[in-house]
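The structure file target39.cif is reproduced below (mmCIF, C-alpha atoms).
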```cif
data_upload
#
loop_
_atom_site.label_atom_id
_atom_site.label_comp_id
_atom_site.auth_asym_id
_atom_site.auth_seq_id
_atom_site.Cartn_x
_atom_site.Cartn_y
_atom_site.Cartn_z
CA MET M 757 9.97 -20.48 -11.81
CA ASN M 758 12.07 -21.81 -14.69
CA GLU M 759 15.33 -19.86 -14.48
CA SER M 760 15.41 -19.48 -18.27
CA PHE M 761 12.39 -17.20 -18.00
CA VAL M 762 14.38 -14.50 -16.22
CA SER M 763 15.75 -13.31 -19.57
CA ALA M 764 12.19 -13.13 -20.93
CA TYR M 765 11.32 -10.21 -18.68
CA LYS M 766 10.99 -6.84 -20.35
CA ASP M 767 10.30 -3.24 -19.38
CA ILE M 768 7.94 -0.77 -20.96
CA VAL M 769 6.92 2.79 -20.19
CA SER M 770 3.14 2.92 -20.37
CA SER M 771 1.24 5.67 -22.16
CA ARG M 772 0.90 7.54 -18.86
CA GLY M 773 4.64 7.36 -18.17
CA LEU M 774 4.89 4.47 -15.69
CA ASN M 775 7.51 1.74 -16.04
CA TYR M 776 6.20 -1.82 -16.00
CA HIS M 777 8.36 -4.93 -15.62
CA TYR M 778 6.75 -8.00 -17.15
CA LEU M 779 7.32 -11.52 -18.40
CA SER M 780 6.47 -12.21 -22.02
CA LEU M 781 6.58 -15.64 -23.63
CA PRO M 782 5.27 -16.03 -27.21
CA ALA M 783 2.50 -18.43 -28.17
CA ALA M 784 3.10 -21.36 -30.46
CA GLY M 785 0.99 -21.36 -33.60
CA ASN M 786 -2.56 -20.20 -32.98
CA LYS M 787 -2.55 -20.80 -29.22
CA PRO M 788 -3.96 -17.92 -27.16
CA THR M 789 -1.95 -15.81 -24.75
CA VAL M 790 -2.81 -15.82 -21.05
CA LEU M 791 -2.47 -12.52 -19.20
CA PHE M 792 -1.85 -13.27 -15.50
CA ILE M 793 -2.69 -10.37 -13.14
CA HIS M 794 -1.54 -10.81 -9.53
CA GLY M 795 -2.62 -9.03 -6.36
CA PHE M 796 -1.34 -8.11 -2.88
CA PRO M 797 1.43 -8.52 -1.74
CA SER M 798 2.82 -10.43 -4.67
CA THR M 799 4.73 -10.14 -7.92
CA SER M 800 4.36 -12.03 -11.17
CA TYR M 801 6.30 -14.81 -9.43
CA ASP M 802 3.05 -15.85 -7.73
CA TRP M 803 2.02 -17.39 -11.06
CA TYR M 804 5.12 -19.57 -11.46
CA HIS M 805 3.12 -22.82 -11.52
CA GLN M 806 0.91 -21.42 -14.27
CA ILE M 807 3.78 -19.81 -16.21
CA ASN M 808 5.63 -23.13 -16.36
CA TYR M 809 2.53 -25.17 -17.18
CA PHE M 810 0.99 -23.01 -19.89
CA SER M 811 4.22 -22.05 -21.62
CA GLU M 812 5.23 -25.71 -21.85
CA ARG M 813 1.95 -26.36 -23.69
CA GLY M 814 2.48 -23.63 -26.24
CA PHE M 815 0.33 -20.90 -24.73
CA GLY M 816 1.63 -17.37 -24.78
CA VAL M 817 2.15 -15.85 -21.34
CA VAL M 818 2.22 -12.22 -20.25
CA ALA M 819 2.70 -11.72 -16.51
CA PRO M 820 3.42 -8.19 -15.27
CA ASP M 821 4.62 -7.07 -11.90
CA MET M 822 1.63 -4.90 -11.12
CA LEU M 823 1.90 -1.26 -10.06
CA GLY M 824 3.72 -0.98 -6.73
CA TYR M 825 5.50 -4.34 -6.93
CA GLY M 826 8.68 -6.02 -8.10
CA GLY M 827 10.43 -4.32 -10.98
CA THR M 828 7.48 -2.04 -11.80
CA ASP M 829 7.23 1.58 -10.64
CA LYS M 830 6.09 2.16 -7.06
CA PRO M 831 4.28 5.51 -6.97
CA THR M 832 3.07 6.95 -3.69
CA ASP M 833 0.33 9.02 -5.37
CA THR M 834 -2.88 7.11 -4.64
CA SER M 835 -4.65 8.63 -7.68
CA LEU M 836 -2.35 6.67 -10.00
CA PHE M 837 -4.04 3.46 -8.84
CA LEU M 838 -7.28 4.26 -10.69
CA HIS M 839 -8.46 0.90 -12.04
CA THR M 840 -9.28 2.13 -15.52
CA ALA M 841 -5.79 3.64 -15.83
CA ILE M 842 -4.13 0.39 -14.69
CA ALA M 843 -6.24 -1.53 -17.20
CA GLN M 844 -4.91 0.75 -19.93
CA ASP M 845 -1.35 0.10 -18.69
CA LEU M 846 -1.94 -3.60 -19.35
CA LEU M 847 -3.33 -2.89 -22.80
CA ASP M 848 -0.15 -0.92 -23.51
CA ILE M 849 1.84 -4.05 -22.67
CA LEU M 850 -0.33 -6.23 -24.90
CA ASP M 851 -0.01 -3.71 -27.72
CA ALA M 852 3.77 -3.68 -27.36
CA GLU M 853 3.82 -7.48 -27.53
CA LYS M 854 1.41 -7.47 -30.51
CA VAL M 855 -0.78 -10.20 -29.04
CA GLY M 856 -4.38 -10.39 -30.13
CA ARG M 857 -5.93 -13.62 -28.77
CA VAL M 858 -5.79 -13.03 -25.02
CA ILE M 859 -7.46 -14.48 -21.93
CA ALA M 860 -7.14 -12.37 -18.77
CA VAL M 861 -6.74 -14.20 -15.44
CA GLY M 862 -6.89 -12.11 -12.27
CA HIS M 863 -6.39 -12.97 -8.58
CA ASP M 864 -6.96 -10.77 -5.53
CA TRP M 865 -6.54 -7.12 -6.66
CA GLY M 866 -5.96 -8.50 -10.14
CA SER M 867 -9.62 -9.53 -10.16
CA PRO M 868 -11.15 -6.02 -10.24
CA ILE M 869 -8.65 -5.15 -12.96
CA THR M 870 -9.91 -8.17 -14.89
CA SER M 871 -13.45 -6.85 -14.35
CA THR M 872 -12.40 -3.45 -15.66
CA LEU M 873 -10.92 -5.06 -18.76
CA SER M 874 -14.21 -6.90 -19.29
CA MET M 875 -16.33 -3.78 -18.82
CA LYS M 876 -14.16 -1.36 -20.80
CA HIS M 877 -12.24 -3.49 -23.31
CA SER M 878 -14.20 -6.70 -23.78
CA ASP M 879 -13.53 -6.71 -27.53
CA ARG M 880 -9.79 -7.10 -26.91
CA PHE M 881 -10.14 -10.47 -25.12
CA LEU M 882 -11.33 -13.99 -25.81
CA GLY M 883 -12.45 -14.50 -22.23
CA PHE M 884 -11.88 -13.72 -18.58
CA ALA M 885 -11.02 -15.73 -15.46
CA TRP M 886 -11.29 -14.73 -11.82
CA VAL M 887 -9.45 -16.51 -9.01
CA ALA M 888 -10.85 -16.38 -5.44
CA VAL M 889 -12.11 -12.81 -5.90
CA GLY M 890 -15.07 -12.60 -8.24
CA HIS M 891 -16.39 -9.99 -10.65
CA HIS M 892 -16.31 -6.44 -9.30
CA ILE M 893 -19.04 -3.94 -10.17
CA PRO M 894 -17.94 -0.31 -9.69
CA SER M 895 -19.84 1.54 -6.99
CA PRO M 896 -19.21 4.29 -4.45
CA PHE M 897 -17.12 2.93 -1.57
CA PRO M 898 -18.67 3.64 1.87
CA PRO M 899 -16.53 4.33 4.94
CA ILE M 900 -14.88 1.12 6.13
CA ASP M 901 -16.74 1.12 9.46
CA ILE M 902 -20.07 1.10 7.62
CA ILE M 903 -18.87 -1.76 5.41
CA LEU M 904 -17.83 -3.80 8.45
CA GLU M 905 -21.19 -3.17 10.08
CA MET M 906 -23.05 -4.25 6.94
CA GLN M 907 -20.93 -7.39 6.65
CA THR M 908 -21.61 -8.31 10.26
CA LYS M 909 -25.37 -8.00 9.69
CA THR M 910 -25.20 -10.06 6.48
CA TYR M 911 -22.60 -12.72 7.28
CA GLY M 912 -22.47 -12.74 11.07
CA ARG M 913 -18.96 -11.30 11.15
CA PRO M 914 -16.93 -8.52 9.53
CA LEU M 915 -14.80 -9.61 6.59
CA LEU M 916 -12.46 -6.69 5.94
CA GLY M 917 -11.30 -5.89 9.46
CA TYR M 918 -7.67 -5.86 8.33
CA TRP M 919 -8.39 -2.80 6.16
CA LYS M 920 -8.56 -0.79 9.41
CA PHE M 921 -4.85 -1.47 9.80
CA PHE M 922 -3.91 -1.02 6.16
CA GLU M 923 -5.50 2.45 6.03
CA GLN M 924 -3.29 3.81 8.81
CA GLU M 925 -0.40 6.11 7.93
CA SER M 926 1.91 4.02 10.10
CA ALA M 927 1.01 0.70 8.42
CA PRO M 928 3.86 0.64 5.86
CA SER M 929 6.59 1.20 8.45
CA VAL M 930 5.05 -1.24 10.94
CA ILE M 931 4.82 -3.95 8.29
CA GLU M 932 8.29 -3.26 6.92
CA LYS M 933 9.71 -3.94 10.40
CA ASN M 934 7.78 -7.21 10.64
CA LEU M 935 7.55 -8.56 7.09
CA GLU M 936 7.77 -12.20 8.15
CA SER M 937 4.76 -11.65 10.37
CA LEU M 938 2.57 -10.22 7.60
CA VAL M 939 3.59 -12.84 5.04
CA SER M 940 2.80 -15.64 7.49
CA VAL M 941 -0.70 -14.23 7.94
CA LEU M 942 -1.39 -13.74 4.24
CA TYR M 943 -0.11 -17.20 3.28
CA PRO M 944 -1.37 -19.24 6.24
CA ASP M 945 -0.90 -22.95 6.76
CA HIS M 946 -4.54 -23.11 7.83
CA PRO M 947 -7.04 -20.76 6.15
CA ASP M 948 -9.26 -20.58 9.23
CA SER M 949 -6.71 -18.28 10.87
CA TRP M 950 -8.21 -15.53 8.69
CA LEU M 951 -11.47 -15.75 10.68
CA THR M 952 -9.64 -13.87 13.41
CA LEU M 953 -6.53 -12.25 11.97
CA MET M 954 -8.08 -10.87 8.79
CA ASN M 955 -11.78 -10.57 9.59
CA GLN M 956 -11.67 -8.93 13.00
CA PRO M 957 -10.55 -5.28 13.29
CA GLY M 958 -7.40 -4.81 15.34
CA GLU M 959 -6.25 -8.42 15.24
CA ILE M 960 -3.73 -8.27 12.38
CA GLN M 961 -2.31 -4.99 13.65
CA ALA M 962 -1.62 -6.40 17.10
CA PHE M 963 -0.19 -9.58 15.57
CA VAL M 964 2.17 -7.80 13.18
CA GLU M 965 3.24 -5.16 15.70
CA SER M 966 4.27 -7.94 18.08
CA GLY M 967 6.30 -9.65 15.36
CA LYS M 968 4.51 -12.95 15.80
CA THR M 969 4.38 -15.52 13.00
CA THR M 970 2.08 -18.40 12.17
CA LYS M 971 3.18 -21.69 10.65
CA ARG M 972 4.22 -21.12 7.04
CA ALA M 973 1.89 -22.60 4.44
CA SER M 974 3.19 -25.82 2.88
CA TYR M 975 2.48 -24.42 -0.59
CA LEU M 976 4.76 -21.42 0.03
CA THR M 977 8.17 -22.81 -0.91
CA GLU M 978 11.41 -21.52 0.57
CA GLU M 979 12.28 -19.94 -2.79
CA HIS M 980 8.89 -18.25 -3.12
CA HIS M 981 9.00 -17.07 0.49
CA SER M 982 12.46 -15.58 0.00
CA HIS M 983 11.35 -13.86 -3.20
CA LEU M 984 8.37 -12.28 -1.42
CA LEU M 985 10.48 -10.98 1.45
CA GLU M 986 13.22 -9.67 -0.82
CA SER M 987 10.76 -7.91 -3.09
CA LEU M 988 8.89 -6.24 -0.22
CA LYS M 989 12.09 -5.27 1.60
CA LYS M 990 13.39 -3.63 -1.55
CA GLY M 991 10.19 -1.86 -2.61
CA GLY M 992 8.50 -1.23 0.71
CA LEU M 993 4.79 -1.26 1.50
CA THR M 994 3.80 2.35 0.88
CA SER M 995 3.03 1.83 -2.79
CA PRO M 996 1.37 -1.63 -2.54
CA LEU M 997 -1.01 -0.41 0.17
CA ASN M 998 -2.30 2.16 -2.32
CA TRP M 999 -4.39 -0.65 -3.79
CA TYR M 1000 -6.45 -0.39 -0.60
CA LEU M 1001 -6.20 3.38 -0.16
CA CYS M 1002 -7.46 4.03 -3.69
CA MET M 1003 -10.74 2.44 -2.61
CA LEU M 1004 -10.84 3.92 0.89
CA ARG M 1005 -10.17 7.43 -0.46
CA GLY M 1006 -12.72 7.20 -3.26
CA VAL M 1007 -10.30 7.19 -6.20
CA ASN M 1008 -12.38 4.55 -7.97
CA SER M 1009 -15.79 5.60 -6.67
CA HIS M 1010 -16.48 7.94 -9.58
CA LEU M 1011 -16.12 5.10 -12.11
CA VAL M 1012 -19.82 4.38 -11.72
CA GLU M 1013 -20.63 7.89 -12.95
CA GLY M 1014 -21.56 7.74 -16.60
CA ALA M 1015 -21.06 3.98 -16.65
CA ILE M 1016 -23.32 1.96 -18.92
CA PRO M 1017 -24.97 -0.76 -16.78
CA GLU M 1018 -25.07 -3.09 -19.77
CA ASN M 1019 -21.27 -3.16 -19.70
CA PHE M 1020 -21.27 -4.54 -16.16
CA PHE M 1021 -22.25 -7.85 -17.71
CA ILE M 1022 -19.44 -10.20 -18.77
CA LYS M 1023 -20.17 -10.80 -22.43
CA LYS M 1024 -17.25 -13.14 -23.10
CA PRO M 1025 -16.86 -16.64 -21.62
CA ALA M 1026 -15.96 -16.55 -17.92
CA PHE M 1027 -14.19 -18.89 -15.49
CA PHE M 1028 -14.31 -18.58 -11.71
CA ALA M 1029 -12.07 -20.49 -9.30
CA ALA M 1030 -14.08 -20.35 -6.07
CA ALA M 1031 -11.98 -20.65 -2.91
CA MET M 1032 -14.32 -22.33 -0.44
CA LYS M 1033 -12.22 -21.48 2.64
CA ASP M 1034 -11.34 -17.93 1.69
CA HIS M 1035 -12.84 -16.15 4.69
CA VAL M 1036 -12.38 -12.65 3.24
CA CYS M 1037 -13.44 -13.02 -0.39
CA ILE M 1038 -16.23 -15.42 0.46
CA HIS M 1039 -17.85 -17.60 -2.18
CA ASP M 1040 -21.32 -16.89 -0.79
CA TYR M 1041 -20.91 -13.38 -2.17
CA SER M 1042 -18.79 -14.01 -5.25
CA VAL M 1043 -20.65 -16.92 -6.82
CA PRO M 1044 -24.07 -15.18 -7.06
CA VAL M 1045 -22.41 -12.12 -8.60
CA MET M 1046 -20.63 -14.27 -11.17
CA GLU M 1047 -23.85 -16.13 -11.98
CA LYS M 1048 -25.78 -12.89 -12.39
CA TYR M 1049 -23.33 -11.06 -14.63
CA ALA M 1050 -21.59 -13.77 -16.67
CA VAL M 1051 -24.01 -13.80 -19.59
CA GLY M 1052 -21.41 -15.07 -22.06
CA GLY M 1053 -21.08 -18.46 -20.39
CA LEU M 1054 -19.64 -19.40 -17.01
CA LYS M 1055 -17.64 -22.28 -15.57
CA ILE M 1056 -17.26 -22.35 -11.78
CA VAL M 1057 -14.74 -24.70 -10.21
CA GLU M 1058 -14.67 -25.09 -6.43
CA PHE M 1059 -11.36 -25.42 -4.60
CA GLN M 1060 -11.49 -26.52 -0.98
CA GLY M 1061 -8.59 -24.40 0.28
CA GLY M 1062 -8.06 -20.74 1.04
CA HIS M 1063 -7.30 -17.59 -0.90
CA TRP M 1064 -4.58 -19.00 -3.19
CA PRO M 1065 -6.05 -21.87 -5.32
CA HIS M 1066 -3.34 -21.45 -7.98
CA LEU M 1067 -0.70 -22.06 -5.31
CA GLU M 1068 -2.53 -24.48 -3.01
CA GLU M 1069 -3.77 -26.82 -5.76
CA PRO M 1070 -1.68 -25.85 -8.81
CA GLU M 1071 -2.01 -29.12 -10.71
CA ARG M 1072 -5.80 -29.16 -10.51
CA PHE M 1073 -6.07 -25.42 -11.06
CA ASN M 1074 -3.96 -25.63 -14.21
CA ARG M 1075 -5.91 -28.60 -15.58
CA GLU M 1076 -9.25 -26.91 -14.96
CA LEU M 1077 -8.19 -23.61 -16.48
CA GLU M 1078 -6.62 -25.29 -19.51
CA GLY M 1079 -9.66 -27.52 -19.94
CA TRP M 1080 -11.96 -24.48 -19.93
CA ILE M 1081 -9.77 -22.75 -22.50
CA ARG M 1082 -9.62 -25.85 -24.70
CA ASP M 1083 -13.36 -26.52 -24.54
CA THR M 1084 -14.40 -22.88 -24.95
CA PHE M 1085 -12.00 -21.41 -27.47
#
```

Would you write the structure of this file as structure tokens?
Amino acid sequence: MNESFVSAYKDIVSSRGLNYHYLSLPAAGNKPTVLFIHGFPSTSYDWYHQINYFSERGFGVVAPDMLGYGGTDKPTDTSLFLHTAIAQDLLDILDAEKVGRVIAVGHDWGSPITSTLSMKHSDRFLGFAWVAVGHHIPSPFPPIDIILEMQTKTYGRPLLGYWKFFEQESAPSVIEKNLESLVSVLYPDHPDSWLTLMNQPGEIQAFVESGKTTKRASYLTEEHHSHLLESLKKGGLTSPLNWYLCMLRGVNSHLVEGAIPENFFIKKPAFFAAAMKDHVCIHDYSVPVMEKYAVGGLKIVEFQGGHWPHLEEPERFNRELEGWIRDTF
């Protein structure tokens, strides 16, 4: 990331009393602002290709360290990870920055937050973009073993086997002792490693506990890798893993109660970066959901790599996203 951006980071206490650390770069003229929402186990740094690219072209940029990461608060109370509350935290940031023409872009756990913004606060945004993980419709979350069984029947294999490790009380301490191991799995040189290490229950736990590592992905630079390790060493894994526990413990399950089904539809223009070799957030599931619910217009762009299109193919990703914004707004 451009070193000059370090001074552009700010801190705000949200309306529910949580401190957020975020990057804010103003738009030039009438250009829109892009809100970049990262996921696990990242910080706003994950968007450095996009921050550099879009700011250089006059777009405004807001990129928070999400709850549990970086310079933002790291609560251990799982209930604080309610998606609607986190969405309001982001609106508090946008209000503080007085930005009105905003496009939300979410990746990984940032994607369901983008969906929440669409369902609850569509009027505040020009459009929405999802990266690798598609639109999320709130629903009660079954026990993980039932989910894995359903996935095996539908797709021939479980997809979320690694959640069995992440739900364990010992997971934070095990990972903290073997951070290099986890990071090598999450940012793999070859995405097909996820077919075993992420999909199959027990595999990632045994791998991380043994301290093994896979070959580091070519797109994960030394600087980025060091930033990830430093951030996770400093903040620990207890808070970040709450993004999983809030689903497993039903924190978000009640969101469907009283929900208006009409609001599940994406009424503003939508963009989806489909990761064709993401073996967890598979396109066979995500694309039909996007096509069903994106009634305000949809552009789907296929990327032939794994879970991180904005890191694996940053030049193409940036061109496609900018082109969609230019042609749509």

Worksheet item: M:Val762, M:Val1045, M:Leu1011, M:Ala1026: which is nearest Trp886 (chain M), counting all atoms listed in the file?
Response: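 Result for the nearest residue to Trp886 (chain M): M:Ala1026.
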
Worksheet item: How would you write, as a list in words, the residues chosen by the PyMOL selection byres ((chain M and resi 1052) around 9) on this structure?
Response: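 On the file shown, the PyMOL selection byres ((chain M and resi 1052) around 9) covers Gly883, Phe1021, Ile1022, Lys1023, Lys1024, Pro1025, Ala1026, Tyr1049, Ala1050, Val1051, Gly1053 and Leu1054 of chain M.
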
Discussion item. Here's the selection I'm unsure about, the PyMOL selection byres ((chain M and resi 939-948) around 10); applied to the file above, which residues does it give, as a VMD selection string?
Written reply: chain M and resid 796 to 797 931 934 to 938 949 to 954 960 963 to 964 968 to 976 981 984 to 985 988 1032 to 1035 1061 to 1064 1067 to 1068

Keeping only C-alpha atoms, take the residues you just selected and write them out as a tab-separated table (two decimals), in the coordinates of the input.
```
chain	number	residue	atom	x	y	z
M	796	PHE	CA	-1.34	-8.11	-2.88
M	797	PRO	CA	1.43	-8.52	-1.74
M	931	ILE	CA	4.82	-3.95	8.29
M	934	ASN	CA	7.78	-7.21	10.64
M	935	LEU	CA	7.55	-8.56	7.09
M	936	GLU	CA	7.77	-12.20	8.15
M	937	SER	CA	4.76	-11.65	10.37
M	938	LEU	CA	2.57	-10.22	7.60
M	949	SER	CA	-6.71	-18.28	10.87
M	950	TRP	CA	-8.21	-15.53	8.69
M	951	LEU	CA	-11.47	-15.75	10.68
M	952	THR	CA	-9.64	-13.87	13.41
M	953	LEU	CA	-6.53	-12.25	11.97
M	954	MET	CA	-8.08	-10.87	8.79
M	960	ILE	CA	-3.73	-8.27	12.38
M	963	PHE	CA	-0.19	-9.58	15.57
M	964	VAL	CA	2.17	-7.80	13.18
M	968	LYS	CA	4.51	-12.95	15.80
M	969	THR	CA	4.38	-15.52	13.00
M	970	THR	CA	2.08	-18.40	12.17
M	971	LYS	CA	3.18	-21.69	10.65
M	972	ARG	CA	4.22	-21.12	7.04
M	973	ALA	CA	1.89	-22.60	4.44
M	974	SER	CA	3.19	-25.82	2.88
M	975	TYR	CA	2.48	-24.42	-0.59
M	976	LEU	CA	4.76	-21.42	0.03
M	981	HIS	CA	9.00	-17.07	0.49
M	984	LEU	CA	8.37	-12.28	-1.42
M	985	LEU	CA	10.48	-10.98	1.45
M	988	LEU	CA	8.89	-6.24	-0.22
M	1032	MET	CA	-14.32	-22.33	-0.44
M	1033	LYS	CA	-12.22	-21.48	2.64
M	1034	ASP	CA	-11.34	-17.93	1.69
M	1035	HIS	CA	-12.84	-16.15	4.69
M	1061	GLY	CA	-8.59	-24.40	0.28
M	1062	GLY	CA	-8.06	-20.74	1.04
M	1063	HIS	CA	-7.30	-17.59	-0.90
M	1064	TRP	CA	-4.58	-19.00	-3.19
M	1067	LEU	CA	-0.70	-22.06	-5.31
M	1068	GLU	CA	-2.53	-24.48	-3.01
```

Worksheet, complete the sentence: One decimal place gives the CA of Ala783 (chain M)-CA of Ser771 (chain M) separation as 24.9 Å

Item to complete: For CA of Val769 (chain M) and CA of Asp821 (chain M), quote the distance in Å rounded to one decimal.
Response: 13.1 Å

Worksheet item: CA of Phe897 (chain M) and CA of Thr828 (chain M) are how many Å apart?
Response: 27.1 Å

Item to complete: Can you work out which one of M:Ser995, M:Ile849, M:Arg857, M:Ser835 has the shortest atom-to-atom distance to Gly816 (chain M), counting only C-alpha atoms?
Response: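 With only C-alpha atoms as the atom set, the closest residue is M:Arg857.
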
Worksheet item: Which polymer residues have any atom within 10 Å of an atom of region 900-910 of chain M, counting all atoms listed in the file, with same-chain residues fewer than 3 positions away left out, as number ranges by chain?
Response: M: 897, 913-917, 919-920, 923, 955-957, 1003-1004

Worksheet item: Within 10 Å of Val818 (chain M), counting all atoms listed in the file, which residues qualify if same-chain residues fewer than 2 places away don't, as number ranges by chain?
Response: M: 765, 778-782, 789-793, 800, 807, 815-816, 820, 846, 849-850, 853, 855, 858, 860

Practice prompt. Would you kindly translate the PyMOL selection byres ((chain M and resi 869-874) around 9) into the concrete residues it picks from this file, as a PyMOL selection string?
Written response: chain M and resi 793+839-840+842-844+847+860-863+865-868+875-881+883-886+890-894+1019-1024

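Shell of Leu993 (chain M) at 10 Å, with all atoms listed in the file counted and residues fewer than 2 places along the chain excluded, is Pro797, Gly824, Tyr825, Lys830, Thr832, Phe922, Ala927, Pro928, Ser929, Val930, Ile931, Glu932, Leu935, Leu988, Lys989, Lys990, Gly991, Ser995, Pro996, Leu997 and Asn998 of chain M.
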
Item to complete: Find, counting all atoms listed in the file, the residue in M:Cys1002, M:Leu838, M:Ile859, M:Ala784 that gets nearest to Ile1081 (chain M).
Response: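 Closest to Ile1081 (chain M) of all the choices is M:Ile859.
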
Provide an axis-aligned box for all listed atoms of region 822-840 of chain M, padding each side by 6 Å; report its centre and its edge lengths in Å to one decimal, as lines of an AutoDock Vina configuration file.
```
center_x = 0.6
center_y = 1.5
center_z = -9.6
size_x = 31.7
size_y = 27.0
size_z = 23.8
```

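Of the listed residues (M:Ala819, M:Ala841, M:Ile768, M:Met757), M:Met757 comes nearest to Tyr804 (chain M); the distances count only C-alpha atoms.
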
Item to complete: Compare M:Ala1029, M:Gly856, M:Ser895, M:Thr1084 by their minimum atom-to-atom distance to Arg1072 (chain M), counting only C-alpha atoms, and give me the closest one.
Response: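 Using only C-alpha atoms, Arg1072 (chain M) sits closest to M:Ala1029.
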
Item to complete: Rank nothing, just name the residue among M:Glu1076, M:Glu1069, M:Asp851, M:Asp767 nearest to Lys1055 (chain M), using all atoms listed in the file.
Response: M:Glu1076
